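S.K.: So I've got this file, model23.cif, and it contains mmCIF, C-alpha atoms and all ligand atoms:
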data_query
loop_
_atom_site.label_atom_id
_atom_site.label_comp_id
_atom_site.auth_asym_id
_atom_site.auth_seq_id
_atom_site.Cartn_x
_atom_site.Cartn_y
_atom_site.Cartn_z
CA MET A 20 -113.27 -194.95 202.26
CA ILE A 21 -112.41 -196.14 198.73
CA GLU A 22 -109.89 -198.67 200.02
CA GLU A 23 -112.50 -200.00 202.42
CA LEU A 24 -114.99 -200.37 199.56
CA ARG A 25 -112.41 -202.28 197.51
CA ALA A 26 -111.68 -204.53 200.48
CA LYS A 27 -115.40 -205.26 200.78
CA GLY A 28 -115.51 -206.37 197.17
CA ILE A 29 -116.54 -203.30 195.16
CA ALA A 30 -114.56 -203.65 191.93
CA ASP A 31 -116.32 -201.22 189.59
CA GLU A 32 -113.65 -198.58 188.98
CA ALA A 33 -116.05 -196.00 187.57
CA VAL A 34 -118.19 -196.21 190.70
CA LEU A 35 -115.14 -195.99 192.97
CA GLU A 36 -113.87 -192.99 191.01
CA ALA A 37 -117.22 -191.18 191.27
CA MET A 38 -117.33 -191.79 195.01
CA ASN A 39 -113.74 -190.69 195.35
CA THR A 40 -114.60 -187.39 193.66
CA LEU A 41 -117.71 -186.62 195.69
CA PRO A 42 -117.15 -185.16 199.19
CA ARG A 43 -119.54 -187.21 201.35
CA HIS A 44 -119.21 -184.79 204.26
CA PHE A 45 -121.05 -182.13 202.21
CA PHE A 46 -124.16 -184.33 202.47
CA LEU A 47 -124.05 -184.73 206.25
CA ASP A 48 -124.58 -182.55 209.25
CA SER A 49 -121.20 -181.07 210.22
CA ALA A 50 -121.51 -182.88 213.57
CA PHE A 51 -120.57 -186.06 211.67
CA ASP A 52 -117.59 -184.56 209.78
CA GLU A 53 -115.11 -186.75 211.56
CA TRP A 54 -116.92 -189.94 210.50
CA ALA A 55 -118.15 -188.86 207.08
CA TYR A 56 -115.93 -191.37 205.25
CA SER A 57 -116.61 -194.32 207.55
CA GLU A 58 -118.92 -197.23 206.79
CA ASN A 59 -121.92 -195.76 208.57
CA ALA A 60 -125.40 -194.49 207.80
CA PHE A 61 -126.21 -191.13 209.45
CA PRO A 62 -129.43 -189.27 210.26
CA ILE A 63 -130.34 -186.59 207.70
CA GLY A 64 -133.58 -185.32 209.29
CA ASN A 65 -137.21 -186.46 209.08
CA ASN A 66 -136.15 -189.76 210.68
CA GLN A 67 -134.27 -190.75 207.52
CA THR A 68 -130.64 -191.71 206.88
CA ILE A 69 -127.96 -191.38 204.23
CA SER A 70 -127.02 -194.93 203.22
CA GLN A 71 -123.60 -196.26 204.14
CA PRO A 72 -120.95 -195.98 201.40
CA TYR A 73 -120.90 -199.73 200.73
CA THR A 74 -124.65 -199.75 200.07
CA VAL A 75 -124.37 -196.83 197.65
CA ALA A 76 -121.42 -198.40 195.82
CA TYR A 77 -123.13 -201.80 195.67
CA MET A 78 -126.42 -200.52 194.28
CA THR A 79 -124.72 -198.17 191.83
CA ALA A 80 -122.56 -201.00 190.48
CA LEU A 81 -125.69 -203.15 189.98
CA LEU A 82 -127.12 -200.56 187.60
CA GLU A 83 -124.13 -200.72 185.21
CA VAL A 84 -124.58 -197.01 184.49
CA LYS A 85 -123.64 -195.68 181.06
CA PRO A 86 -123.32 -191.98 180.20
CA ASP A 87 -126.55 -190.24 179.26
CA GLU A 88 -128.82 -192.97 180.61
CA LYS A 89 -132.06 -191.86 182.19
CA ILE A 90 -132.22 -193.11 185.76
CA LEU A 91 -135.00 -192.89 188.32
CA GLU A 92 -133.89 -192.91 191.94
CA ILE A 93 -136.70 -193.38 194.45
CA GLY A 94 -135.80 -191.92 197.86
CA THR A 95 -133.72 -188.77 197.28
CA GLY A 96 -132.77 -188.39 200.94
CA SER A 97 -129.51 -186.47 201.24
CA GLY A 98 -128.90 -186.45 197.49
CA TYR A 99 -125.64 -188.38 197.80
CA GLN A 100 -126.72 -191.42 195.78
CA GLY A 101 -128.23 -189.22 193.08
CA ALA A 102 -124.99 -187.23 192.87
CA VAL A 103 -122.97 -190.44 192.40
CA LEU A 104 -125.25 -191.42 189.50
CA ALA A 105 -124.88 -187.94 187.98
CA LEU A 106 -121.09 -188.13 188.22
CA LEU A 107 -121.28 -191.35 186.20
CA GLY A 108 -122.92 -189.32 183.44
CA ALA A 109 -126.54 -190.32 184.03
CA ARG A 110 -129.52 -188.01 183.69
CA VAL A 111 -131.04 -188.46 187.12
CA TYR A 112 -134.69 -188.16 188.12
CA THR A 113 -135.07 -188.49 191.87
CA ILE A 114 -138.25 -188.50 193.94
CA GLU A 115 -138.73 -188.01 197.69
CA ARG A 116 -141.90 -188.31 199.83
CA GLN A 117 -140.62 -186.12 202.70
CA GLU A 118 -141.25 -182.53 201.65
CA PHE A 119 -138.61 -181.14 204.00
CA LEU A 120 -135.88 -183.36 202.53
CA TYR A 121 -137.08 -182.77 198.97
CA LYS A 122 -136.81 -178.99 199.36
CA ARG A 123 -133.51 -179.00 201.20
CA THR A 124 -131.80 -181.47 198.85
CA LYS A 125 -133.12 -179.82 195.69
CA GLU A 126 -131.60 -176.48 196.76
CA PHE A 127 -128.40 -178.12 197.89
CA LEU A 128 -127.81 -180.04 194.65
CA LYS A 129 -128.45 -176.85 192.72
CA LYS A 130 -125.89 -175.04 194.85
CA LEU A 131 -123.35 -177.77 194.16
CA GLY A 132 -123.97 -177.27 190.43
CA PHE A 133 -125.62 -180.60 189.54
CA LYS A 134 -127.57 -179.73 186.41
CA THR A 135 -128.41 -183.28 185.40
CA ILE A 136 -130.38 -184.14 188.55
CA LYS A 137 -134.07 -183.31 188.61
CA CYS A 138 -135.76 -183.49 192.02
CA PHE A 139 -139.43 -184.33 192.52
CA PHE A 140 -141.72 -184.36 195.54
CA GLY A 141 -144.16 -187.26 195.58
CA ASP A 142 -144.88 -190.88 196.36
CA GLY A 143 -142.30 -193.05 194.64
CA THR A 144 -144.39 -196.21 195.10
CA GLN A 145 -146.05 -194.92 191.92
CA GLY A 146 -142.72 -194.31 190.20
CA LEU A 147 -142.56 -191.14 188.12
CA ALA A 148 -144.73 -191.85 185.07
CA GLU A 149 -144.24 -188.41 183.53
CA PHE A 150 -140.67 -189.17 182.42
CA ALA A 151 -140.91 -192.95 181.97
CA PRO A 152 -139.54 -195.23 180.64
CA TYR A 153 -136.18 -195.29 182.40
CA ASP A 154 -132.99 -197.11 181.45
CA LYS A 155 -132.36 -197.91 185.10
CA MET A 156 -134.19 -197.47 188.38
CA MET A 157 -133.30 -197.88 192.04
CA VAL A 158 -135.38 -197.81 195.19
CA THR A 159 -133.30 -196.73 198.19
CA ALA A 160 -135.91 -197.79 200.76
CA GLY A 161 -136.97 -201.27 201.86
CA SER A 162 -140.26 -202.86 200.83
CA ASN A 163 -141.93 -206.25 201.14
CA SER A 164 -142.73 -206.35 197.44
CA VAL A 165 -141.86 -204.75 194.11
CA PRO A 166 -144.68 -202.51 192.87
CA LYS A 167 -145.74 -203.61 189.36
CA ILE A 168 -146.11 -199.99 188.39
CA LEU A 169 -142.34 -199.53 188.79
CA LEU A 170 -141.58 -202.46 186.49
CA ALA A 171 -143.89 -200.95 183.89
CA GLN A 172 -141.74 -197.78 183.84
CA LEU A 173 -138.55 -199.69 182.99
CA LYS A 174 -137.24 -199.92 179.42
CA ILE A 175 -136.66 -203.32 177.89
CA ASN A 176 -133.14 -204.40 178.92
CA GLY A 177 -133.43 -201.91 181.78
CA ILE A 178 -132.41 -202.75 185.35
CA LEU A 179 -134.16 -202.09 188.64
CA ALA A 180 -132.24 -202.47 191.92
CA MET A 181 -134.37 -202.68 195.03
CA PRO A 182 -134.13 -204.14 198.55
CA VAL A 183 -137.05 -206.46 199.37
CA GLY A 184 -137.87 -207.93 202.77
CA ASP A 185 -139.29 -207.04 206.18
CA ALA A 186 -138.50 -204.03 208.38
CA LYS A 187 -135.37 -205.61 209.86
CA SER A 188 -133.63 -206.93 206.78
CA GLN A 189 -134.02 -206.91 203.02
CA ILE A 190 -132.41 -208.85 200.20
CA MET A 191 -131.14 -206.77 197.31
CA ARG A 192 -132.84 -207.67 194.07
CA LYS A 193 -131.50 -206.94 190.62
CA ILE A 194 -134.38 -207.15 188.18
CA THR A 195 -133.72 -206.98 184.44
CA ARG A 196 -136.58 -206.44 182.03
CA THR A 197 -135.84 -209.01 179.36
CA GLY A 198 -138.96 -208.36 177.25
CA GLU A 199 -142.34 -206.65 177.22
CA HIS A 200 -143.71 -209.15 179.75
CA THR A 201 -140.59 -210.89 181.03
CA PHE A 202 -138.24 -210.10 183.88
CA GLU A 203 -135.19 -211.83 185.30
CA THR A 204 -134.58 -211.49 189.03
CA ILE A 205 -131.36 -212.13 190.91
CA GLU A 206 -131.34 -212.07 194.71
CA LEU A 207 -128.15 -210.76 196.28
CA GLU A 208 -126.91 -209.65 199.71
CA ASN A 209 -128.80 -208.54 202.79
CA PHE A 210 -129.18 -204.87 203.61
CA ARG A 211 -131.15 -202.76 206.02
CA PHE A 212 -132.94 -199.73 204.63
CA VAL A 213 -135.50 -197.32 206.06
CA PRO A 214 -139.04 -198.32 204.98
CA PHE A 215 -140.55 -197.60 201.57
CA LEU A 216 -143.73 -195.78 202.61
CA LYS A 217 -146.86 -194.83 200.71
CA GLY A 218 -148.11 -191.25 200.46
CA VAL A 219 -146.24 -188.03 201.24
CA ASN A 220 -145.25 -186.28 204.47
CA ARG A 221 -145.23 -182.48 204.61
CA ILE A 222 -144.10 -182.27 208.22
CA ASP A 223 -140.63 -181.10 209.15
CA THR A 224 -139.69 -183.34 212.10
CA LYS A 225 -135.92 -182.57 211.89
N1 LIG B 301 -130.66 -192.31 198.46
C1 LIG B 301 -130.65 -191.61 199.73
C2 LIG B 301 -131.02 -192.55 200.85
C3 LIG B 301 -132.06 -191.96 201.68
S1 LIG B 301 -132.93 -193.05 202.77
C4 LIG B 301 -129.32 -190.92 199.98
O1 LIG B 301 -128.40 -191.07 199.19
O2 LIG B 301 -129.21 -190.18 200.98
C5 LIG B 301 -134.38 -193.41 201.84
C6 LIG B 301 -135.26 -192.26 201.46
O3 LIG B 301 -136.41 -192.82 200.81
C7 LIG B 301 -135.81 -191.44 202.63
O4 LIG B 301 -135.47 -190.09 202.45
C8 LIG B 301 -137.30 -191.67 202.56
O5 LIG B 301 -138.07 -190.55 202.95
C9 LIG B 301 -137.50 -192.00 201.10
N2 LIG B 301 -138.74 -192.72 200.78
C10 LIG B 301 -139.36 -193.72 201.45
N3 LIG B 301 -140.49 -194.08 200.83
C11 LIG B 301 -140.60 -193.29 199.71
C12 LIG B 301 -141.55 -193.16 198.67
N4 LIG B 301 -142.68 -193.90 198.62
N5 LIG B 301 -141.33 -192.24 197.70
C13 LIG B 301 -140.24 -191.46 197.72
N6 LIG B 301 -139.29 -191.52 198.68
C14 LIG B 301 -139.47 -192.42 199.67
#
Represent the structure of the file as C-alpha cells.
M.R.:
Amino acid sequence: MIEELRAKGIADEAVLEAMNTLPRHFFLDSAFDEWAYSENAFPIGNNQTISQPYTVAYMTALLEVKPDEKILEIGTGSGYQGAVLALLGARVYTIERQEFLYKRTKEFLKKLGFKTIKCFFGDGTQGLAEFAPYDKMMVTAGSNSVPKILLAQLKINGILAMPVGDAKSQIMRKITRTGEHTFETIELENFRFVPFLKGVNRIDTK
C-alpha cells in the first residue's frame, strides 16, 4: 500500500510512516481482509465508506500536522483517518452525524487504545464550537460550499482541507486562514466523497 502511495505522488514521510503503522484491515469488515491494503473505498455501514488510502494520505499531507496540534475531523466514519492524525501526534476531535457509526467507532478507537481522539455525535456542518479554535480541520465528506461557521473555528495560520463540488465529483480545497478576515484558497485534485449532510441520523441501516 505504501509503495503504491509513493508511486501516486505522496511524498510526506511522516504520513507514510503513520499509515504503515496502522493496520487498515482493523477498520474494515473482515469480508474485505484480502483487499484491505488496496486503493479502494469500502462500505462501513449506514451507507458510508472508508476513504481510499490515497485520499487519506493526500488530505493528511495537506494539513502539515505537527505534534500536539488540535485537529477537527468532520466525518468520523470508520475512524481510520482520525487514527492516522493521532499517530502523527495530533489531538483529534472527530464528529459524526450517523449515531450508529459514532457509537461503534468510539468504542473501537477506545479498544485500540487511542487516548488522543475524542469522538462526538452531531452535525459537523456546524463544526464543533465547544473546542474551537482548531489548528487544522478536515471535512471528509463532499459539499457544494464551505460553511462560514467552519472557517470561523479555524485559528489564524490554520488550514482547512475540504472537497467541494457536486455529488459526482469534488475538487479538494486547501484553505489557509491568513488573518482575522482573510483566507487563501488553493484548488487541487478531483475526488469523490459521500455527501456532507445536514442534521443527524439515529437509524442503524447497516
Ligand atoms: N474519515 C472517514 C471517512 C468516512 S466517509 C474514515 O476515515 O473512515 C464520511 C463520513 O462523513 C460518513 O461517515 C458520514 O456519515 C459523515 N458525515 C457526512 N455529513 C456529516 C456531517 N454533517 N457531520 C458529521 N459527519 C458527517
S.K.: Counting only C-alpha atoms and all ligand atoms, which residues of chain A fall within 7 Å of ligand LIG 301 (chain B), and what is the closest atom pair for each with its distance in Å at one decimal, ordered by chain and rising number, as a tab-separated table?
M.R.:
residue	atom	partner	partner_atom	distance
A:Gln67	CA	B:LIG301	C7	5.2
A:Thr68	CA	B:LIG301	S1	4.9
A:Ile69	CA	B:LIG301	O2	3.7
A:Ser70	CA	B:LIG301	C2	5.2
A:Ile93	CA	B:LIG301	C13	5.2
A:Gly94	CA	B:LIG301	O3	3.1
A:Thr95	CA	B:LIG301	N1	4.8
A:Gly96	CA	B:LIG301	O4	3.5
A:Ser97	CA	B:LIG301	O2	3.7
A:Gly98	CA	B:LIG301	O1	4.9
A:Tyr99	CA	B:LIG301	O1	4.1
A:Gln100	CA	B:LIG301	O1	3.8
A:Gly101	CA	B:LIG301	O1	6.4
A:Ile114	CA	B:LIG301	C13	5.2
A:Glu115	CA	B:LIG301	N6	3.7
A:Arg116	CA	B:LIG301	C13	4.1
A:Gln117	CA	B:LIG301	O5	5.1
A:Leu120	CA	B:LIG301	O4	6.7
A:Gly141	CA	B:LIG301	N5	6.1
A:Asp142	CA	B:LIG301	N5	4.0
A:Gly143	CA	B:LIG301	N5	3.3
A:Thr144	CA	B:LIG301	N4	4.5
A:Thr159	CA	B:LIG301	C5	5.1
A:Ala160	CA	B:LIG301	C5	4.8
A:Phe212	CA	B:LIG301	S1	6.9
A:Val213	CA	B:LIG301	C5	5.9
A:Pro214	CA	B:LIG301	C10	5.8
A:Phe215	CA	B:LIG301	N3	3.6
A:Leu216	CA	B:LIG301	N3	4.1
A:Lys217	CA	B:LIG301	N4	4.8
A:Gly218	CA	B:LIG301	N4	6.3
S.K.: Enter the distance from CA of Met20 (chain A) to CA of Lys122 (chain A), in Å, rounded to one decimal.
M.R.: 28.6 Å
S.K.: What's the 10 Å shell around His44 (chain A), counting all atoms listed in the file, without same-chain residues fewer than 6 positions away, as number ranges by chain?
M.R.: A: 50-56, 99
S.K.: Could you state the separation of CA of Leu147 (chain A) and CA of Leu91 (chain A) in Å, given to one decimal place?
M.R.: 7.8 Å
S.K.: Out of A:Lys125, A:Arg221, A:Lys155, A:Lys187, which residue has the shortest atom-to-atom distance to Leu170 (chain A) when counting all atoms listed in the file?
M.R.: A:Lys155
S.K.: Given the choices A:Leu82, A:Ser162, A:Ile168, A:Lys130, which gets closest to Ile194 (chain A) if the distance is worked out from all atoms listed in the file?
M.R.: A:Leu82
S.K.: If we count all atoms listed in the file and set the cut-off at 8 Å, which residues sit around Ile136 (chain A), ignoring sequence neighbours fewer than 4 positions away in its own chain? Please answer as a list in words.
M.R.: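 In the requested format, the answer is Gly101, Ala102, Ala105, Arg110, Val111, Tyr112, Thr113 and Leu128 of chain A.
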S.K.: Given the selection you just returned, output its residues as a file containing C-alpha atoms, formatted as an mmCIF file, in the coordinates of the input.
M.R.:
data_model
loop_
_atom_site.group_PDB
_atom_site.id
_atom_site.type_symbol
_atom_site.label_atom_id
_atom_site.label_comp_id
_atom_site.auth_asym_id
_atom_site.auth_seq_id
_atom_site.Cartn_x
_atom_site.Cartn_y
_atom_site.Cartn_z
ATOM 1 C CA GLY A 101 -128.230 -189.220 193.080
ATOM 2 C CA ALA A 102 -124.990 -187.230 192.870
ATOM 3 C CA ALA A 105 -124.880 -187.940 187.980
ATOM 4 C CA ARG A 110 -129.520 -188.010 183.690
ATOM 5 C CA VAL A 111 -131.040 -188.460 187.120
ATOM 6 C CA TYR A 112 -134.690 -188.160 188.120
ATOM 7 C CA THR A 113 -135.070 -188.490 191.870
ATOM 8 C CA LEU A 128 -127.810 -180.040 194.650
#
S.K.: Could you jot down the CA of Asn66 (chain A) to CA of Thr135 (chain A) separation for me, Å, one decimal place?
M.R.: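 Pair CA of Asn66 (chain A) / CA of Thr135 (chain A) returns 27.2 Å.
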